[in-house]
Amino acid sequence: MHHVQRRPRTGAPVPPTAQPDRTNPSADWWRQAAVYQIYPRSFADSNGDGIGDLRGITSRVPYLAALGVDAVWLSPFYPSALADGGYDVDDYRDVDPRLGTLDDFDEMAAALHAAGIKVIVDIVPNHTSDRHEWFREALASAPGSAARDRYIFRDGRGEHGELPPNGWTSIFGGGAWERVTENDGTPGQWYFHLFAKEQPDLNWDNPEVHEDFLRTLRFWSDRGVDGFRVDVAHGLKKDMEGIHDDLATIHRADLFDSGEHPLWDRDEVHSVYAEWRKVLNEYNPPRTAVAEAWVHADRRAKYASPEGLGQAFNFDLLQADFDAGQFRDVITKNLAEAAATGASSTWVLSNHDVVRHATRYGLPKGSGRGIAGADGKDWLLDGGDPAEVDAALGLRRAQAATALMLALPGSAYLYQGEELGLQEVGRIPETERQDPTFFRNRGVEVGRDGCRVPLPWKASPAEGSSFGFGSDGSHLPQPAWFKDYAVDAEEADSDSTLAFYRRALARRRELEGPERLEWVGAADDDVLHFARPTAQGSWHVVTNFGDAPAPLPEGEILLATAEVEGGKLPANATAWVRVG
Ligand code: NOJ
């Protein structure tokens, strides 16, 4: 979605990463955690209004426990007009009434904790919603007032200020400035928004903004939240000095890597996280944080440093093709980076912003990777015809990639529904679409609704009109084929994707060992093979990205995504083998 760099092949050796701090056994829980992302509105609906809610999550804690995840990360559940799926926050210290109450939150957190599952919440510091009390106050106040200084307001250009302060564009398409009407009814100043116009950017040069976010971090930490996912972590600090620069400035690739881009990844942003880290470290165990920072790989380390947020997402696997060389390079480079910062690596194949990986890997060649905002032709834009997807191949490869990911040192982030092998919903009627990227960017991006369709819990439609999601419909339409991925059907089938995820997560726990990996075999092979040492000897992980069956090392097969015959691993599959 944001500026994205392809990494070069490195082939560098992988040094061991820093070892966990065992002096406080609970302080390092995050290092190799399997974290399950919940998109709350689409997980489980307890009150039949078609929108998932916190009580719905509480009712599914046994499911999460059986799945075997270490933590859940909840996308925003705060009061919101849902102009951007909840990433437009009205109040950072409350729950949207449609999703529940603070008491419901406490109950949910207690149930998760009782099941041994940690809780991570999303913090959205780059922008508030336009309904936030600060923004309302800013609109009601005069230009130049303290209330306006919490945001980025500027006079327009042109004789009557009728032109935006500059020509910068927003991530979701269209201009990045919106004009307001002043109290006397005249057209007035403009405010800046990197995303939708309902998401005015905060001014991170304003001390009140700093104070308020520290308060929010404390509010949730005091409620027992274990960690935070930080939205658009690389966007907070901006240089608005040269705001009359033309559009070319924000597209200059060299600026992205230097810390000098006016909008992204500026060096000053780390002073914010140094402040946050002090607060997070007041807690025992310290609260964790993971940065969503779409930055050049070499600049990610700062976000992940112990003086900063402590961990940063790498979206490199998610952007890689199903290709041995690309996977190997991504893994090697990221483990080396993690070693340099002392953080553990993060791995992601799917989330609420991209096309599900079971679909990406089944798209016809040349159709792009189906990633929202990626350059080139996008399958979704062509109408997302399910007939064009080789769903069976996509799923085989998705399981192979997942088994590989879950075997890597570091923490793995899973997105709700991937454990069912759920495919992207390509076809959603225009009238039902919700994502602002669709509305602001018509004909260029279809948006992210297709991975946000509510989960199917029950195969039989008789169990409610929304495959057991709730008792009365779902806020995005579920296609009829969702029944094939329903939780109850998969629970009853030992060959299902759900059964595979449960086995893989259970094995992963058993096998947890030092954050080390050793490559075995040639770097240019279609087969990736690495070993993970544990106290009980090593286990080997082999993924076959090629077409022909590949030999496996001799030993006990601990996990395989396809049947191993005659000691050989079929194409598009992964096996874990205990050797010696
Ligand atoms: C990143 C989030 O993952 C995405 O869903 C959201 O639209 C943007 N940040 C803006 O908050």
# chains A, B, ... in the order shown; residues from 1 in each chain; ligands from 1
>>> select_by_dssp(residues="region 137-370 of chain A", states="helix (DSSP H, G or I)", output="VMD selection string")
chain A and resid 137 to 140 148 to 150 207 to 222 247 to 251 253 to 256 269 to 280 297 to 299 301 to 304 316 to 319 324 to 341 357 to 360
>>> residues_near_ligand(ligand="ligand 1", cutoff="6 Å", atoms="only C-alpha atoms and all ligand atoms", output="ChimeraX atom specification")
/A:84,87,231-232,353
>>> closest_residue(among="A:Asp316, A:Asp385, A:Glu260, A:Glu162", to="Lys333 (chain A)", atoms="only C-alpha atoms")
A:Asp316
>>> residues_around(residues="region 273-277 of chain A", least_positions_apart="4", cutoff="6 Å", atoms="only C-alpha atoms", output="JSON list (two decimals) with N, CA and C atoms, in the first residue's frame")
[["chain", "number", "residue", "atom", "x", "y", "z"],
["A", 281, "ASN", "N", 7.89, 0.64, 29.77],
["A", 281, "ASN", "CA", 8.81, -0.06, 30.69],
["A", 281, "ASN", "C", 8.48, 0.17, 32.16],
["A", 307, "GLU", "N", 15.18, 0.69, 22.68],
["A", 307, "GLU", "CA", 14.88, 2.06, 23.13],
["A", 307, "GLU", "C", 13.66, 2.60, 22.40],
["A", 308, "GLY", "N", 13.19, 1.87, 21.42],
["A", 308, "GLY", "CA", 12.03, 2.30, 20.65],
["A", 308, "GLY", "C", 10.86, 1.37, 20.95],
["A", 309, "LEU", "N", 10.14, 0.99, 19.91],
["A", 309, "LEU", "CA", 8.95, 0.19, 20.15],
["A", 309, "LEU", "C", 9.30, -1.25, 20.51]]
>>> closest_residue(among="A:Leu414, A:Met405, A:Val121, A:Ile57", to="Ile331 (chain A)", atoms="only C-alpha atoms")
A:Met405
>>> residues_around(residues="region 563-571 of chain A", least_positions_apart="2", cutoff="7 Å", atoms="only C-alpha atoms", output="NGL selection string")
:A and (544-552 or 560-561 or 573)
>>> closest_residue(among="A:Thr341, A:Thr332, A:Ser59, A:Thr497", to="Gly310 (chain A)", atoms="only C-alpha atoms")
A:Thr341
>>> residues_around(residues="Ile428 (chain A)", least_positions_apart="2", cutoff="12 Å", atoms="only C-alpha atoms", output="PyMOL selection string")
chain A and resi 380-381+383-386+424-426+430-435+438+446-453+475-479
>>> residues_around(residues="region 519-530 of chain A", least_positions_apart="3", cutoff="9 Å", atoms="only C-alpha atoms", output="list in words")
Gly11, Pro13, Val14, Asp323, Ala324, Gly325, Phe327, Arg328, Trp539, His540, Val541, Val542, Thr543, Asn544, Phe545, Gly546, Asp547 and Ala550 of chain A
>>> residues_around(residues="Pro436 (chain A)", least_positions_apart="3", cutoff="7 Å", atoms="only C-alpha atoms", output="list of chain:residue names")
A:Ala83, A:Asp84, A:Phe172, A:Ala196, A:Phe439, A:Arg440
>>> write_last_selection(atoms="C-alpha atoms", output="compact mmCIF listing (two decimals), in the first residue's frame")
# COMPACT_ATOMS: atom_id res chain seq x y z
CA ALA A 83 -14.92 5.65 7.61
CA ASP A 84 -11.81 3.47 7.55
CA PHE A 172 -6.38 6.44 -0.32
CA ALA A 196 -9.30 9.57 4.19
CA PHE A 439 -14.54 5.24 -2.97
CA ARG A 440 -11.59 7.62 -3.16
>>> atom_distance(atom1="CA of Leu422 (chain A)", atom2="CA of Ile117 (chain A)")
23.3 Å
>>> closest_residue(among="A:Arg41, A:His251, A:Arg442, A:Arg31", to="Thr288 (chain A)", atoms="only C-alpha atoms")
A:Arg31
>>> closest_residue(among="A:Leu202, A:Asp149, A:Arg98, A:Gly188", to="Pro125 (chain A)", atoms="only C-alpha atoms")
A:Leu202
>>> closest_residue(among="A:Val124, A:Gly470, A:Asp257, A:Lys302", to="Gly56 (chain A)", atoms="only C-alpha atoms")
A:Gly470
>>> select_by_dssp(residues="region 77-265 of chain A", states="strand (DSSP E)", output="list in words")
Lys118, Val119, Ile120, Val121, Asp122, Ile123, Phe153, Arg154, Trp177, Glu178, Arg179, Val180, Thr181, Pro187, Gly188, Gln189, Trp190, Tyr191, Phe192, Gly227, Phe228, Arg229 and Val230 of chain A
>>> write_last_selection(atoms="N, CA, C and O atoms", output="mmCIF file, in the first residue's frame")
data_model
loop_
_atom_site.group_PDB
_atom_site.id
_atom_site.type_symbol
_atom_site.label_atom_id
_atom_site.label_comp_id
_atom_site.auth_asym_id
_atom_site.auth_seq_id
_atom_site.Cartn_x
_atom_site.Cartn_y
_atom_site.Cartn_z
ATOM 1 N N LYS A 118 -2.318 -13.630 25.516
ATOM 2 C CA LYS A 118 -2.049 -12.210 25.753
ATOM 3 C C LYS A 118 -2.918 -11.340 24.838
ATOM 4 O O LYS A 118 -3.402 -11.811 23.804
ATOM 5 N N VAL A 119 -3.006 -10.066 25.220
ATOM 6 C CA VAL A 119 -3.872 -9.147 24.475
ATOM 7 C C VAL A 119 -3.067 -7.947 23.962
ATOM 8 O O VAL A 119 -2.413 -7.252 24.741
ATOM 9 N N ILE A 120 -3.130 -7.747 22.671
ATOM 10 C CA ILE A 120 -2.463 -6.598 22.035
ATOM 11 C C ILE A 120 -3.555 -5.725 21.414
ATOM 12 O O ILE A 120 -4.458 -6.248 20.749
ATOM 13 N N VAL A 121 -3.479 -4.416 21.646
ATOM 14 C CA VAL A 121 -4.473 -3.537 21.016
ATOM 15 C C VAL A 121 -3.777 -2.589 20.036
ATOM 16 O O VAL A 121 -2.568 -2.378 20.096
ATOM 17 N N ASP A 122 -4.576 -2.048 19.149
ATOM 18 C CA ASP A 122 -4.077 -1.198 18.078
ATOM 19 C C ASP A 122 -4.109 0.253 18.550
ATOM 20 O O ASP A 122 -5.112 0.699 19.116
ATOM 21 N N ILE A 123 -3.032 0.981 18.294
ATOM 22 C CA ILE A 123 -3.007 2.406 18.631
ATOM 23 C C ILE A 123 -2.845 3.167 17.316
ATOM 24 O O ILE A 123 -2.005 2.809 16.497
ATOM 25 N N PHE A 153 -3.394 22.490 10.125
ATOM 26 C CA PHE A 153 -4.244 23.435 9.374
ATOM 27 C C PHE A 153 -3.351 24.443 8.664
ATOM 28 O O PHE A 153 -2.356 24.911 9.224
ATOM 29 N N ARG A 154 -3.688 24.791 7.444
ATOM 30 C CA ARG A 154 -2.940 25.808 6.702
ATOM 31 C C ARG A 154 -3.930 26.634 5.869
ATOM 32 O O ARG A 154 -5.003 26.137 5.509
ATOM 33 N N TRP A 177 -5.582 17.391 1.205
ATOM 34 C CA TRP A 177 -6.064 18.543 1.971
ATOM 35 C C TRP A 177 -7.580 18.668 1.815
ATOM 36 O O TRP A 177 -8.117 18.441 0.728
ATOM 37 N N GLU A 178 -8.242 19.068 2.886
ATOM 38 C CA GLU A 178 -9.685 19.271 2.834
ATOM 39 C C GLU A 178 -9.977 20.675 3.385
ATOM 40 O O GLU A 178 -9.419 21.077 4.416
ATOM 41 N N ARG A 179 -10.836 21.370 2.705
ATOM 42 C CA ARG A 179 -11.147 22.739 3.149
ATOM 43 C C ARG A 179 -12.286 22.718 4.169
ATOM 44 O O ARG A 179 -13.237 21.932 4.020
ATOM 45 N N VAL A 180 -12.199 23.567 5.170
ATOM 46 C CA VAL A 180 -13.269 23.612 6.169
ATOM 47 C C VAL A 180 -14.100 24.884 5.981
ATOM 48 O O VAL A 180 -13.679 25.816 5.305
ATOM 49 N N THR A 181 -15.264 24.864 6.590
ATOM 50 C CA THR A 181 -16.094 26.063 6.613
ATOM 51 C C THR A 181 -15.913 26.701 7.987
ATOM 52 O O THR A 181 -16.055 26.032 9.011
ATOM 53 N N PRO A 187 -15.897 29.866 3.447
ATOM 54 C CA PRO A 187 -14.896 28.816 3.222
ATOM 55 C C PRO A 187 -13.578 29.211 3.878
ATOM 56 O O PRO A 187 -13.192 30.387 3.800
ATOM 57 N N GLY A 188 -12.937 28.289 4.552
ATOM 58 C CA GLY A 188 -11.800 28.677 5.380
ATOM 59 C C GLY A 188 -10.500 27.957 5.069
ATOM 60 O O GLY A 188 -10.146 27.744 3.907
ATOM 61 N N GLN A 189 -9.836 27.542 6.159
ATOM 62 C CA GLN A 189 -8.530 26.901 6.035
ATOM 63 C C GLN A 189 -8.659 25.476 5.502
ATOM 64 O O GLN A 189 -9.774 24.958 5.334
ATOM 65 N N TRP A 190 -7.521 24.865 5.309
ATOM 66 C CA TRP A 190 -7.461 23.475 4.851
ATOM 67 C C TRP A 190 -6.760 22.641 5.924
ATOM 68 O O TRP A 190 -5.850 23.127 6.594
ATOM 69 N N TYR A 191 -7.164 21.378 6.091
ATOM 70 C CA TYR A 191 -6.411 20.484 6.988
ATOM 71 C C TYR A 191 -5.864 19.314 6.187
ATOM 72 O O TYR A 191 -6.402 18.932 5.150
ATOM 73 N N PHE A 192 -4.803 18.770 6.737
ATOM 74 C CA PHE A 192 -4.055 17.722 6.043
ATOM 75 C C PHE A 192 -4.514 16.334 6.495
ATOM 76 O O PHE A 192 -4.716 16.106 7.687
ATOM 77 N N GLY A 227 0.309 -5.501 25.118
ATOM 78 C CA GLY A 227 1.124 -4.882 24.080
ATOM 79 C C GLY A 227 0.294 -4.054 23.126
ATOM 80 O O GLY A 227 -0.948 -4.052 23.178
ATOM 81 N N PHE A 228 0.999 -3.355 22.243
ATOM 82 C CA PHE A 228 0.358 -2.435 21.306
ATOM 83 C C PHE A 228 0.884 -2.663 19.895
ATOM 84 O O PHE A 228 2.064 -2.912 19.697
ATOM 85 N N ARG A 229 -0.021 -2.554 18.933
ATOM 86 C CA ARG A 229 0.386 -2.511 17.530
ATOM 87 C C ARG A 229 0.215 -1.052 17.111
ATOM 88 O O ARG A 229 -0.835 -0.452 17.326
ATOM 89 N N VAL A 230 1.262 -0.464 16.565
ATOM 90 C CA VAL A 230 1.258 0.974 16.321
ATOM 91 C C VAL A 230 1.033 1.242 14.830
ATOM 92 O O VAL A 230 1.869 0.930 13.981
#
